[in-house]
$ cat protein.csv   # CSV, C-alpha atoms and all ligand atoms
chain,number,residue,atom,x,y,z
A,1,MET,CA,-30.9,-198.0,26.3
A,2,SER,CA,-28.9,-200.0,28.8
A,3,ASN,CA,-30.5,-198.2,31.8
A,4,LEU,CA,-34.0,-199.1,30.7
A,5,SER,CA,-36.0,-201.9,32.3
A,6,HIS,CA,-37.1,-204.7,30.0
A,7,SER,CA,-40.7,-203.4,29.9
A,8,GLN,CA,-39.5,-199.8,29.2
A,9,TYR,CA,-37.3,-201.1,26.5
A,10,VAL,CA,-40.1,-203.2,24.9
A,11,ARG,CA,-42.6,-200.3,25.1
A,12,SER,CA,-40.3,-197.8,23.7
A,13,THR,CA,-39.4,-200.2,20.8
A,14,TYR,CA,-43.1,-200.3,20.0
A,15,VAL,CA,-43.3,-196.5,20.0
A,16,ASP,CA,-40.3,-196.4,17.7
A,17,LYS,CA,-42.1,-198.6,15.2
A,18,ALA,CA,-45.2,-196.4,15.4
A,19,ILE,CA,-43.1,-193.3,14.8
A,20,GLU,CA,-41.6,-194.8,11.7
A,21,ALA,CA,-45.1,-195.7,10.4
A,22,ILE,CA,-46.6,-192.3,11.3
A,23,LYS,CA,-43.7,-190.5,9.6
A,24,LYS,CA,-44.9,-191.8,6.3
A,25,LEU,CA,-48.3,-190.2,6.8
A,26,TYR,CA,-47.0,-186.9,8.2
A,27,SER,CA,-45.9,-185.0,5.2
A,28,PRO,CA,-47.7,-184.9,2.7
A,29,CYS,CA,-50.3,-185.2,5.5
A,30,ARG,CA,-52.7,-188.1,5.3
A,31,LEU,CA,-53.1,-188.5,9.1
A,32,CYS,CA,-56.8,-188.4,8.9
A,33,GLY,CA,-59.8,-188.9,6.5
A,34,GLN,CA,-59.4,-185.3,5.2
A,35,ASN,CA,-56.3,-186.4,3.3
A,36,CYS,CA,-55.1,-182.8,2.9
A,37,ASN,CA,-51.8,-183.9,1.4
A,38,ILE,CA,-50.2,-180.7,2.5
A,39,ASP,CA,-46.5,-180.4,3.2
A,40,ARG,CA,-46.3,-180.3,7.0
A,41,ASN,CA,-42.5,-180.1,6.8
A,42,LYS,CA,-43.0,-176.6,5.3
A,43,ASN,CA,-45.6,-175.7,7.9
A,44,GLU,CA,-48.4,-175.7,5.3
A,45,MET,CA,-51.8,-175.7,7.0
A,46,GLY,CA,-54.5,-178.3,6.3
A,47,LEU,CA,-58.1,-178.4,7.4
A,48,CYS,CA,-57.1,-178.9,11.0
A,49,ARG,CA,-55.0,-175.7,10.9
A,50,VAL,CA,-52.3,-177.1,13.0
A,51,ASP,CA,-49.2,-174.9,12.6
A,52,SER,CA,-46.8,-175.6,15.4
A,53,GLY,CA,-44.1,-177.4,13.4
A,54,LYS,CA,-42.5,-180.8,13.8
A,55,ASN,CA,-40.8,-180.3,17.2
A,56,ASN,CA,-43.5,-178.4,19.0
A,57,ILE,CA,-47.1,-179.0,19.8
A,58,LYS,CA,-50.0,-176.9,20.9
A,59,ILE,CA,-52.0,-178.0,23.9
A,60,ALA,CA,-55.0,-176.4,25.5
A,61,SER,CA,-54.9,-178.2,28.9
A,62,HIS,CA,-53.2,-180.9,30.8
A,63,THR,CA,-55.1,-181.9,33.9
A,64,LEU,CA,-56.5,-184.6,36.1
A,65,HIS,CA,-59.9,-185.1,34.6
A,66,PHE,CA,-62.8,-186.7,36.5
A,67,GLY,CA,-65.5,-186.3,33.9
A,68,GLU,CA,-64.8,-189.3,31.8
A,69,GLU,CA,-66.3,-192.8,32.0
A,70,PRO,CA,-65.8,-194.3,35.6
A,71,MET,CA,-63.3,-197.0,34.6
A,72,ILE,CA,-61.1,-194.3,32.9
A,73,VAL,CA,-61.2,-191.9,35.9
A,74,GLY,CA,-60.8,-194.3,38.9
A,75,SER,CA,-59.9,-192.6,42.1
A,76,GLY,CA,-56.9,-190.8,40.8
A,77,GLY,CA,-58.4,-189.1,37.7
A,78,SER,CA,-57.5,-189.4,34.1
A,79,GLY,CA,-54.3,-187.7,33.1
A,80,THR,CA,-55.8,-185.8,30.3
A,81,VAL,CA,-54.1,-183.7,27.6
A,82,PHE,CA,-56.4,-181.7,25.3
A,83,PHE,CA,-54.6,-180.9,22.0
A,84,SER,CA,-55.5,-177.7,20.2
A,85,HIS,CA,-57.1,-177.8,16.7
A,86,CYS,CA,-59.1,-180.7,15.2
A,87,ASN,CA,-59.6,-182.6,12.0
A,88,LEU,CA,-63.4,-182.2,12.1
A,89,ARG,CA,-65.4,-179.1,11.9
A,90,CYS,CA,-68.5,-179.9,14.0
A,91,VAL,CA,-70.8,-176.9,14.0
A,92,TYR,CA,-72.0,-177.9,17.5
A,93,CYS,CA,-68.6,-178.5,19.0
A,94,GLN,CA,-68.6,-178.0,22.8
A,95,ASN,CA,-64.8,-177.7,22.6
A,96,HIS,CA,-64.8,-175.1,19.9
A,97,GLN,CA,-62.5,-172.8,21.8
A,98,ILE,CA,-59.6,-175.2,21.2
A,99,SER,CA,-60.8,-177.3,18.2
A,100,HIS,CA,-61.8,-174.4,15.9
A,101,SER,CA,-60.2,-171.3,17.4
A,102,GLY,CA,-57.0,-173.1,18.3
A,103,LEU,CA,-56.7,-171.8,21.8
A,104,GLY,CA,-53.7,-173.2,23.5
A,105,GLU,CA,-50.0,-172.9,24.3
A,106,ILE,CA,-47.2,-174.1,22.0
A,107,ILE,CA,-44.7,-176.2,24.0
A,108,SER,CA,-41.8,-178.5,23.0
A,109,ILE,CA,-42.1,-182.2,22.7
A,110,GLU,CA,-39.8,-182.5,25.8
A,111,LYS,CA,-42.2,-180.4,27.8
A,112,LEU,CA,-45.1,-182.6,26.8
A,113,ALA,CA,-43.2,-185.6,28.0
A,114,GLU,CA,-42.7,-183.8,31.3
A,115,TYR,CA,-46.4,-183.1,31.5
A,116,PHE,CA,-47.2,-186.8,31.0
A,117,LEU,CA,-44.8,-187.7,33.9
A,118,ASP,CA,-46.2,-184.9,36.1
A,119,LEU,CA,-49.7,-186.3,35.6
A,120,GLN,CA,-48.5,-189.8,36.5
A,121,SER,CA,-46.9,-188.4,39.7
A,122,SER,CA,-50.1,-186.6,40.6
A,123,GLY,CA,-52.0,-189.9,40.7
A,124,ALA,CA,-53.4,-190.2,37.2
A,125,ILE,CA,-54.4,-193.7,36.4
A,126,ASN,CA,-53.8,-193.2,32.7
A,127,ILE,CA,-52.6,-190.7,30.1
A,128,ASN,CA,-55.6,-189.7,28.1
A,129,LEU,CA,-54.7,-188.2,24.7
A,130,VAL,CA,-57.7,-186.1,23.5
A,131,SER,CA,-57.8,-185.4,19.8
A,132,ALA,CA,-54.3,-186.3,19.0
A,133,THR,CA,-55.0,-187.5,15.4
A,134,HIS,CA,-53.4,-184.5,13.7
A,135,VAL,CA,-50.4,-184.3,16.1
A,136,LEU,CA,-49.7,-188.0,16.4
A,137,TYR,CA,-46.1,-187.7,15.2
A,138,GLN,CA,-45.2,-185.2,17.9
A,139,VAL,CA,-47.2,-187.1,20.6
A,140,LEU,CA,-45.4,-190.3,19.9
A,141,HIS,CA,-42.0,-188.6,20.3
A,142,ALA,CA,-43.1,-187.2,23.6
A,143,LEU,CA,-44.4,-190.6,24.7
A,144,LYS,CA,-41.1,-192.2,23.9
A,145,ILE,CA,-39.2,-189.7,26.1
A,146,ALA,CA,-41.7,-190.2,28.9
A,147,ILE,CA,-41.6,-194.0,28.7
A,148,GLN,CA,-37.8,-193.9,28.9
A,149,ASN,CA,-38.1,-191.7,32.0
A,150,GLY,CA,-40.6,-193.9,33.8
A,151,LEU,CA,-44.1,-193.5,32.3
A,152,THR,CA,-45.9,-196.8,33.0
A,153,ILE,CA,-49.6,-196.0,33.2
A,154,PRO,CA,-51.9,-197.0,30.3
A,155,ILE,CA,-52.3,-194.8,27.3
A,156,VAL,CA,-55.8,-193.8,26.2
A,157,TYR,CA,-56.4,-192.7,22.6
A,158,ASN,CA,-59.5,-190.5,22.7
A,159,THR,CA,-60.5,-189.8,19.1
A,160,ASN,CA,-63.3,-188.7,16.9
A,161,ALA,CA,-62.4,-191.9,14.9
A,162,TYR,CA,-61.7,-190.0,11.7
A,163,ASP,CA,-58.1,-191.2,11.7
A,164,ASN,CA,-56.3,-192.8,8.8
A,165,ILE,CA,-56.6,-196.5,9.4
A,166,GLU,CA,-52.8,-196.7,8.9
A,167,SER,CA,-52.5,-194.5,12.0
A,168,ILE,CA,-54.6,-196.9,14.0
A,169,ALA,CA,-52.6,-199.8,12.7
A,170,ALA,CA,-49.4,-198.0,13.8
A,171,LEU,CA,-50.7,-197.7,17.3
A,172,GLN,CA,-50.8,-201.4,18.0
A,173,ASN,CA,-49.0,-202.1,21.3
A,174,VAL,CA,-48.7,-198.4,22.0
A,175,VAL,CA,-52.3,-197.6,22.9
A,176,ASP,CA,-53.9,-199.6,25.7
A,177,ILE,CA,-57.4,-198.2,25.7
A,178,TYR,CA,-59.2,-196.8,22.7
A,179,LEU,CA,-62.0,-194.3,23.3
A,180,PRO,CA,-63.4,-193.5,19.8
A,181,ASP,CA,-66.6,-191.7,19.0
A,182,ILE,CA,-69.0,-192.9,16.5
A,183,LYS,CA,-70.8,-189.8,15.4
A,184,TYR,CA,-72.9,-190.4,12.3
A,185,LEU,CA,-74.0,-193.2,10.1
A,186,ASP,CA,-75.3,-190.9,7.3
A,187,ASN,CA,-72.3,-189.5,5.4
A,188,ALA,CA,-74.4,-186.6,4.1
A,189,TYR,CA,-74.9,-185.4,7.7
A,190,SER,CA,-71.2,-185.9,8.5
A,191,LYS,CA,-70.3,-183.7,5.6
A,192,LYS,CA,-72.9,-181.1,6.4
A,193,TYR,CA,-72.3,-180.8,10.1
A,194,SER,CA,-68.6,-181.9,10.6
A,195,ASN,CA,-67.1,-181.4,7.1
A,196,ALA,CA,-66.2,-185.1,6.9
A,197,LYS,CA,-67.4,-186.6,3.7
A,198,ASN,CA,-67.1,-190.3,4.5
A,199,TYR,CA,-67.1,-190.3,8.2
A,200,PHE,CA,-69.0,-193.6,8.9
A,201,ASP,CA,-67.0,-195.7,6.6
A,202,ILE,CA,-63.7,-194.6,8.1
A,203,ALA,CA,-64.9,-194.6,11.7
A,204,ILE,CA,-66.4,-198.1,11.6
A,205,ASN,CA,-63.3,-199.6,10.0
A,206,ASN,CA,-61.1,-197.9,12.6
A,207,ILE,CA,-63.3,-199.2,15.4
A,208,LYS,CA,-63.1,-202.7,14.1
A,209,LEU,CA,-59.3,-202.5,14.0
A,210,MET,CA,-59.1,-201.1,17.5
A,211,TYR,CA,-61.2,-204.0,18.7
A,212,GLU,CA,-58.9,-206.5,17.0
A,213,GLN,CA,-56.0,-204.9,18.8
A,214,VAL,CA,-57.3,-204.5,22.3
A,215,GLY,CA,-60.6,-206.4,22.6
A,216,ALA,CA,-63.3,-205.7,25.2
A,217,ILE,CA,-62.3,-203.7,28.4
A,218,SER,CA,-60.3,-205.5,31.0
A,219,PHE,CA,-59.6,-204.2,34.5
A,220,ASP,CA,-56.8,-204.0,37.0
A,221,GLU,CA,-57.1,-205.0,40.7
A,222,ASN,CA,-58.6,-201.5,41.4
A,223,ASN,CA,-61.3,-201.9,38.8
A,224,ASN,CA,-59.6,-199.3,36.6
A,225,ALA,CA,-59.6,-200.0,32.8
A,226,LYS,CA,-56.2,-201.3,31.8
A,227,LYS,CA,-56.9,-202.4,28.2
A,228,GLY,CA,-59.8,-202.4,25.7
A,229,LEU,CA,-62.3,-200.5,23.7
A,230,ILE,CA,-65.0,-198.0,24.8
A,231,VAL,CA,-67.1,-196.6,22.0
A,232,ARG,CA,-68.8,-193.2,22.6
A,233,HIS,CA,-72.0,-192.1,20.8
A,234,LEU,CA,-73.4,-188.7,21.3
A,235,ILE,CA,-77.1,-188.6,20.4
A,236,LEU,CA,-77.9,-185.6,18.2
A,237,PRO,CA,-81.5,-184.3,18.0
A,238,ASN,CA,-83.8,-185.1,15.2
A,239,ASN,CA,-82.0,-188.4,14.5
A,240,ILE,CA,-79.1,-186.7,12.9
A,241,SER,CA,-76.8,-189.2,14.5
A,242,SER,CA,-78.9,-192.2,13.2
A,243,THR,CA,-78.5,-193.7,16.7
A,244,TYR,CA,-80.7,-196.8,16.1
A,245,ASP,CA,-78.9,-197.7,12.9
A,246,ILE,CA,-75.5,-197.1,14.5
A,247,LEU,CA,-76.4,-199.5,17.3
A,248,ILE,CA,-77.5,-202.1,14.7
A,249,ALA,CA,-74.2,-201.5,12.7
A,250,LEU,CA,-72.1,-202.1,15.9
A,251,SER,CA,-74.1,-205.2,16.7
A,252,GLU,CA,-73.8,-206.6,13.2
A,253,ASN,CA,-70.0,-206.1,13.3
A,254,ASN,CA,-69.8,-208.4,16.4
A,255,LEU,CA,-69.0,-205.6,18.8
A,256,LYS,CA,-71.6,-206.4,21.4
A,257,ASP,CA,-69.1,-206.9,24.2
A,258,ILE,CA,-67.5,-203.5,23.9
A,259,THR,CA,-68.3,-200.9,26.5
A,260,LEU,CA,-70.8,-198.6,24.9
A,261,SER,CA,-71.1,-195.1,26.3
A,262,ILE,CA,-74.3,-193.5,25.1
A,263,MET,CA,-74.3,-189.8,25.7
A,264,SER,CA,-77.4,-187.6,26.3
A,265,GLN,CA,-75.3,-184.5,27.0
A,266,TYR,CA,-75.9,-182.6,23.7
A,267,THR,CA,-76.9,-179.0,24.0
A,268,PRO,CA,-76.7,-176.5,21.1
A,269,GLN,CA,-73.3,-175.0,21.3
A,270,TYR,CA,-71.1,-172.9,19.0
A,271,MET,CA,-72.9,-172.5,15.6
A,272,ALA,CA,-75.7,-175.0,16.3
A,273,SER,CA,-78.3,-172.2,16.7
A,274,LYS,CA,-78.0,-171.5,13.0
A,275,TYR,CA,-79.4,-175.0,12.2
A,276,GLU,CA,-83.0,-175.4,13.4
A,277,GLU,CA,-82.7,-179.2,13.5
A,278,LEU,CA,-79.7,-178.9,15.9
A,279,ASN,CA,-81.0,-176.0,18.0
A,280,THR,CA,-82.7,-178.2,20.5
A,281,ILE,CA,-82.0,-181.1,22.9
A,282,ILE,CA,-83.2,-184.7,23.0
A,283,SER,CA,-85.9,-185.7,25.4
A,284,GLU,CA,-85.5,-188.0,28.4
A,285,LYS,CA,-87.9,-190.5,26.8
A,286,GLU,CA,-85.9,-190.6,23.6
A,287,TYR,CA,-82.8,-191.3,25.6
A,288,ASP,CA,-84.4,-194.0,27.7
A,289,ASP,CA,-85.8,-195.7,24.6
A,290,ILE,CA,-82.4,-195.8,23.1
A,291,ILE,CA,-80.8,-197.3,26.2
A,292,ASP,CA,-83.5,-199.9,26.2
A,293,TYR,CA,-83.0,-200.7,22.5
A,294,ALA,CA,-79.2,-201.1,23.0
A,295,SER,CA,-79.9,-203.5,25.8
A,296,GLU,CA,-82.4,-205.4,23.7
A,297,LEU,CA,-79.8,-205.7,20.9
A,298,GLY,CA,-77.6,-207.5,23.4
A,299,PHE,CA,-74.9,-204.9,24.3
A,300,GLU,CA,-73.4,-206.2,27.5
A,301,ASN,CA,-71.8,-203.1,28.9
A,302,ILE,CA,-73.8,-199.9,28.4
A,303,LEU,CA,-72.8,-196.7,30.2
A,304,ALA,CA,-75.7,-194.3,30.5
A,305,GLN,CA,-75.6,-190.6,31.6
A,306,ASP,CA,-77.6,-188.9,34.2
A,307,PHE,CA,-80.0,-187.1,31.9
A,308,ASP,CA,-80.0,-183.8,33.7
A,309,SER,CA,-76.2,-183.5,33.7
A,310,GLN,CA,-75.6,-181.6,30.4
A,311,SER,CA,-74.0,-178.6,32.0
A,312,ASN,CA,-71.4,-180.8,33.8
A,313,TYR,CA,-69.8,-181.6,30.5
A,314,LEU,CA,-69.3,-178.1,29.2
A,315,PRO,CA,-65.7,-177.0,29.6
A,316,ASP,CA,-64.3,-173.5,29.5
A,317,PHE,CA,-60.8,-173.7,28.1
A,318,ASP,CA,-60.1,-170.1,29.1
A,319,LYS,CA,-59.8,-171.4,32.7
A,320,ASN,CA,-56.8,-173.4,34.1
A,321,LYS,CA,-59.2,-176.2,35.0
A,322,PRO,CA,-61.7,-176.2,32.2
A,323,PHE,CA,-64.2,-178.6,33.9
A,324,ASP,CA,-64.3,-176.9,37.3
A,325,ASP,CA,-67.2,-174.4,38.1
A,401,LIG,S1,-54.3,-184.1,10.1
A,401,LIG,FE1,-54.9,-182.1,9.5
A,401,LIG,S2,-53.5,-181.6,7.7
A,401,LIG,FE2,-53.4,-183.8,8.0
A,401,LIG,S3,-55.0,-184.7,6.7
A,401,LIG,FE3,-56.0,-184.4,8.7
A,401,LIG,S4,-56.9,-182.3,8.6
A,401,LIG,FE4,-55.4,-182.5,6.9
$ encode --input "protein.csv" --output "structure tokens"
Amino acid sequence: MSNLSHSQYVRSTYVDKAIEAIKKLYSPCRLCGQNCNIDRNKNEMGLCRVDSGKNNIKIASHTLHFGEEPMIVGSGGSGTVFFSHCNLRCVYCQNHQISHSGLGEIISIEKLAEYFLDLQSSGAININLVSATHVLYQVLHALKIAIQNGLTIPIVYNTNAYDNIESIAALQNVVDIYLPDIKYLDNAYSKKYSNAKNYFDIAINNIKLMYEQVGAISFDENNNAKKGLIVRHLILPNNISSTYDILIALSENNLKDITLSIMSQYTPQYMASKYEELNTIISEKEYDDIIDYASELGFENILAQDFDSQSNYLPDFDKNKPFDD
């Protein structure tokens, strides 16, 4: 420890604390709302089907990503690591190659730390952990190694928000920017389409705790996000995502100064065609009305998408650079 700067030492101490807390949720596994309670130390598989053991991790991609919200991307790109597998089972998942089919490469924790540092050296303005809920124990170990070897850029926790609230509590002072989804308000829909029986209750409580930890987005001198909360909401067709009610719920929970990213990009992917109600897209008018409503409710920072840009967001994880044409 003596070779570490003060800030490295402080940051790595916070990560140590987080590791201790996450260890308690790791096996039997209660890292997310699925509460599988399986013995991860014996490589038992839960709903997320993660099977790479305690000292390894499966990742689908590590790349400079330019398709996130502007303050997350900056000029250098977001140093994004997509973790294989997922704790939800969304029938319309656009990342199903990695989340459901488990595409990816198993690497050591030390290798993941190297990837974090490589991304920083390549100009990434942050490390963006995409779907790390189920591998948080391994990710924290890798972060600790990377911090001790010079990782200084902000950490983004990019999640479907179906985390155990104790996981989010453990991430205080480790995560700088939270990027959670809020997918459903109706728990019957979350069960039917994502196999998450109490999604909204878990997600809203996690989001409130994230806000307590990091507050609204703040920026560095280059206008890049350095700390704060950005909530993403993907509008599903036929009001399956209860978008208006979600906006009201966020507003009633005093979250009007968060950055709210309202996404129009839904297209029927994966198994969506089997569900008539999901086998369509929303209209431009529906989208515009929702943006207007969010504004009327008093949300101060709304990020809207270019309505015709659906195909820009469809990755192919069989390619080295999943988001390039
Ligand atoms: S992280 Fe995976 S094994 Fe653990 S509770 Fe969630 S779905 Fe189950």
$ residues_near_point --input "protein.csv" --point "(-57.1, -197.3, 41.7)" --cutoff "7 Å" --atoms "all atoms listed in the file" --output "ChimeraX atom specification"
/A:74-76,125,222-224
$ write_last_selection --input "protein.csv" --atoms "C-alpha atoms" --output "PDB file, keeping the file's coordinate frame"
ATOM      1  CA  GLY A  74     -60.800-194.300  38.900  1.00  0.00           C
ATOM      2  CA  SER A  75     -59.900-192.600  42.100  1.00  0.00           C
ATOM      3  CA  GLY A  76     -56.900-190.800  40.800  1.00  0.00           C
ATOM      4  CA  ILE A 125     -54.400-193.700  36.400  1.00  0.00           C
ATOM      5  CA  ASN A 222     -58.600-201.500  41.400  1.00  0.00           C
ATOM      6  CA  ASN A 223     -61.300-201.900  38.800  1.00  0.00           C
ATOM      7  CA  ASN A 224     -59.600-199.300  36.600  1.00  0.00           C
TER       8      ASN A 224
END
$ residues_near_ligand --input "protein.csv" --ligand "ligand LIG 401 (chain A)" --cutoff "8 Å" --atoms "all atoms listed in the file" --output "ChimeraX atom specification"
/A:26,28-38,40,45-50,86-88,133-135,163
$ closest_residue --input "protein.csv" --among "A:Gln269, A:Asn158, A:Tyr293, A:Ser264" --to "Asn95 in chain A" --atoms "only C-alpha atoms"
A:Gln269
$ closest_residue --input "protein.csv" --among "A:Lys183, A:Lys208, A:Lys197, A:Lys191" --to "Ile262 in chain A" --atoms "all atoms listed in the file"
A:Lys183
$ closest_residue --input "protein.csv" --among "A:Gln265, A:Asn187, A:Ser194, A:Asn253" --to "Leu209 in chain A" --atoms "only C-alpha atoms"
A:Asn253
$ atom_distance --input "protein.csv" --atom1 "CA of Pro268 in chain A" --atom2 "CA of Ser309 in chain A"
14.4 Å
$ atom_distance --input "protein.csv" --atom1 "CA of Ile177 in chain A" --atom2 "CA of Thr267 in chain A"
27.4 Å
$ atom_distance --input "protein.csv" --atom1 "CA of Gly77 in chain A" --atom2 "CA of Tyr162 in chain A"
26.2 Å
$ closest_atom_pairs --input "protein.csv" --of "range 237-315 of chain A" --to "range 198-205 of chain A" --cutoff "10 Å" --atoms "only C-alpha atoms" --output "JSON lines"
{"residue": "A:Ile246", "atom": "CA", "partner": "A:Phe200", "partner_atom": "CA", "distance": 9.3}
{"residue": "A:Ala249", "atom": "CA", "partner": "A:Ile204", "partner_atom": "CA", "distance": 8.6}
{"residue": "A:Leu250", "atom": "CA", "partner": "A:Ile204", "partner_atom": "CA", "distance": 8.2}
{"residue": "A:Asn253", "atom": "CA", "partner": "A:Ile204", "partner_atom": "CA", "distance": 8.9}
$ residues_near_point --input "protein.csv" --point "(-44.9, -188.9, 25.6)" --cutoff "10 Å" --atoms "only C-alpha atoms" --output "list in words"
Val15, Ile109, Glu110, Lys111, Leu112, Ala113, Glu114, Tyr115, Phe116, Leu117, Ile127, Leu129, Gln138, Val139, Leu140, His141, Ala142, Leu143, Lys144, Ile145, Ala146, Ile147, Gln148, Asn149, Leu151 and Ile155 of chain A
$ write_last_selection --input "protein.csv" --atoms "C-alpha atoms" --output "mmCIF file, in the frame of the given file"
data_model
loop_
_atom_site.group_PDB
_atom_site.id
_atom_site.type_symbol
_atom_site.label_atom_id
_atom_site.label_comp_id
_atom_site.auth_asym_id
_atom_site.auth_seq_id
_atom_site.Cartn_x
_atom_site.Cartn_y
_atom_site.Cartn_z
ATOM 1 C CA VAL A 15 -43.300 -196.500 20.000
ATOM 2 C CA ILE A 109 -42.100 -182.200 22.700
ATOM 3 C CA GLU A 110 -39.800 -182.500 25.800
ATOM 4 C CA LYS A 111 -42.200 -180.400 27.800
ATOM 5 C CA LEU A 112 -45.100 -182.600 26.800
ATOM 6 C CA ALA A 113 -43.200 -185.600 28.000
ATOM 7 C CA GLU A 114 -42.700 -183.800 31.300
ATOM 8 C CA TYR A 115 -46.400 -183.100 31.500
ATOM 9 C CA PHE A 116 -47.200 -186.800 31.000
ATOM 10 C CA LEU A 117 -44.800 -187.700 33.900
ATOM 11 C CA ILE A 127 -52.600 -190.700 30.100
ATOM 12 C CA LEU A 129 -54.700 -188.200 24.700
ATOM 13 C CA GLN A 138 -45.200 -185.200 17.900
ATOM 14 C CA VAL A 139 -47.200 -187.100 20.600
ATOM 15 C CA LEU A 140 -45.400 -190.300 19.900
ATOM 16 C CA HIS A 141 -42.000 -188.600 20.300
ATOM 17 C CA ALA A 142 -43.100 -187.200 23.600
ATOM 18 C CA LEU A 143 -44.400 -190.600 24.700
ATOM 19 C CA LYS A 144 -41.100 -192.200 23.900
ATOM 20 C CA ILE A 145 -39.200 -189.700 26.100
ATOM 21 C CA ALA A 146 -41.700 -190.200 28.900
ATOM 22 C CA ILE A 147 -41.600 -194.000 28.700
ATOM 23 C CA GLN A 148 -37.800 -193.900 28.900
ATOM 24 C CA ASN A 149 -38.100 -191.700 32.000
ATOM 25 C CA LEU A 151 -44.100 -193.500 32.300
ATOM 26 C CA ILE A 155 -52.300 -194.800 27.300
#
$ residues_around --input "protein.csv" --residues "Ile98 in chain A" --least-positions-apart "2" --cutoff "9 Å" --atoms "all atoms listed in the file" --output "JSON, numbers by chain"
{"A": [59, 60, 82, 83, 84, 85, 86, 95, 96, 100, 101, 102, 103, 104, 317]}
$ closest_residue --input "protein.csv" --among "A:Thr259, A:Ser283, A:Thr80, A:Gln172" --to "Glu212 in chain A" --atoms "all atoms listed in the file"
A:Gln172
$ closest_residue --input "protein.csv" --among "A:Glu69, A:Asp118, A:Asp318, A:Glu252" --to "Val81 in chain A" --atoms "all atoms listed in the file"
A:Asp118
$ closest_residue --input "protein.csv" --among "A:Tyr244, A:Tyr275, A:Tyr287, A:Tyr270" --to "Asp186 in chain A" --atoms "only C-alpha atoms"
A:Tyr244
$ residues_around --input "protein.csv" --residues "Phe307 in chain A" --least-positions-apart "3" --cutoff "12 Å" --atoms "all atoms listed in the file" --output "ChimeraX atom specification"
/A:235,262-267,281-288,291,304,310-313
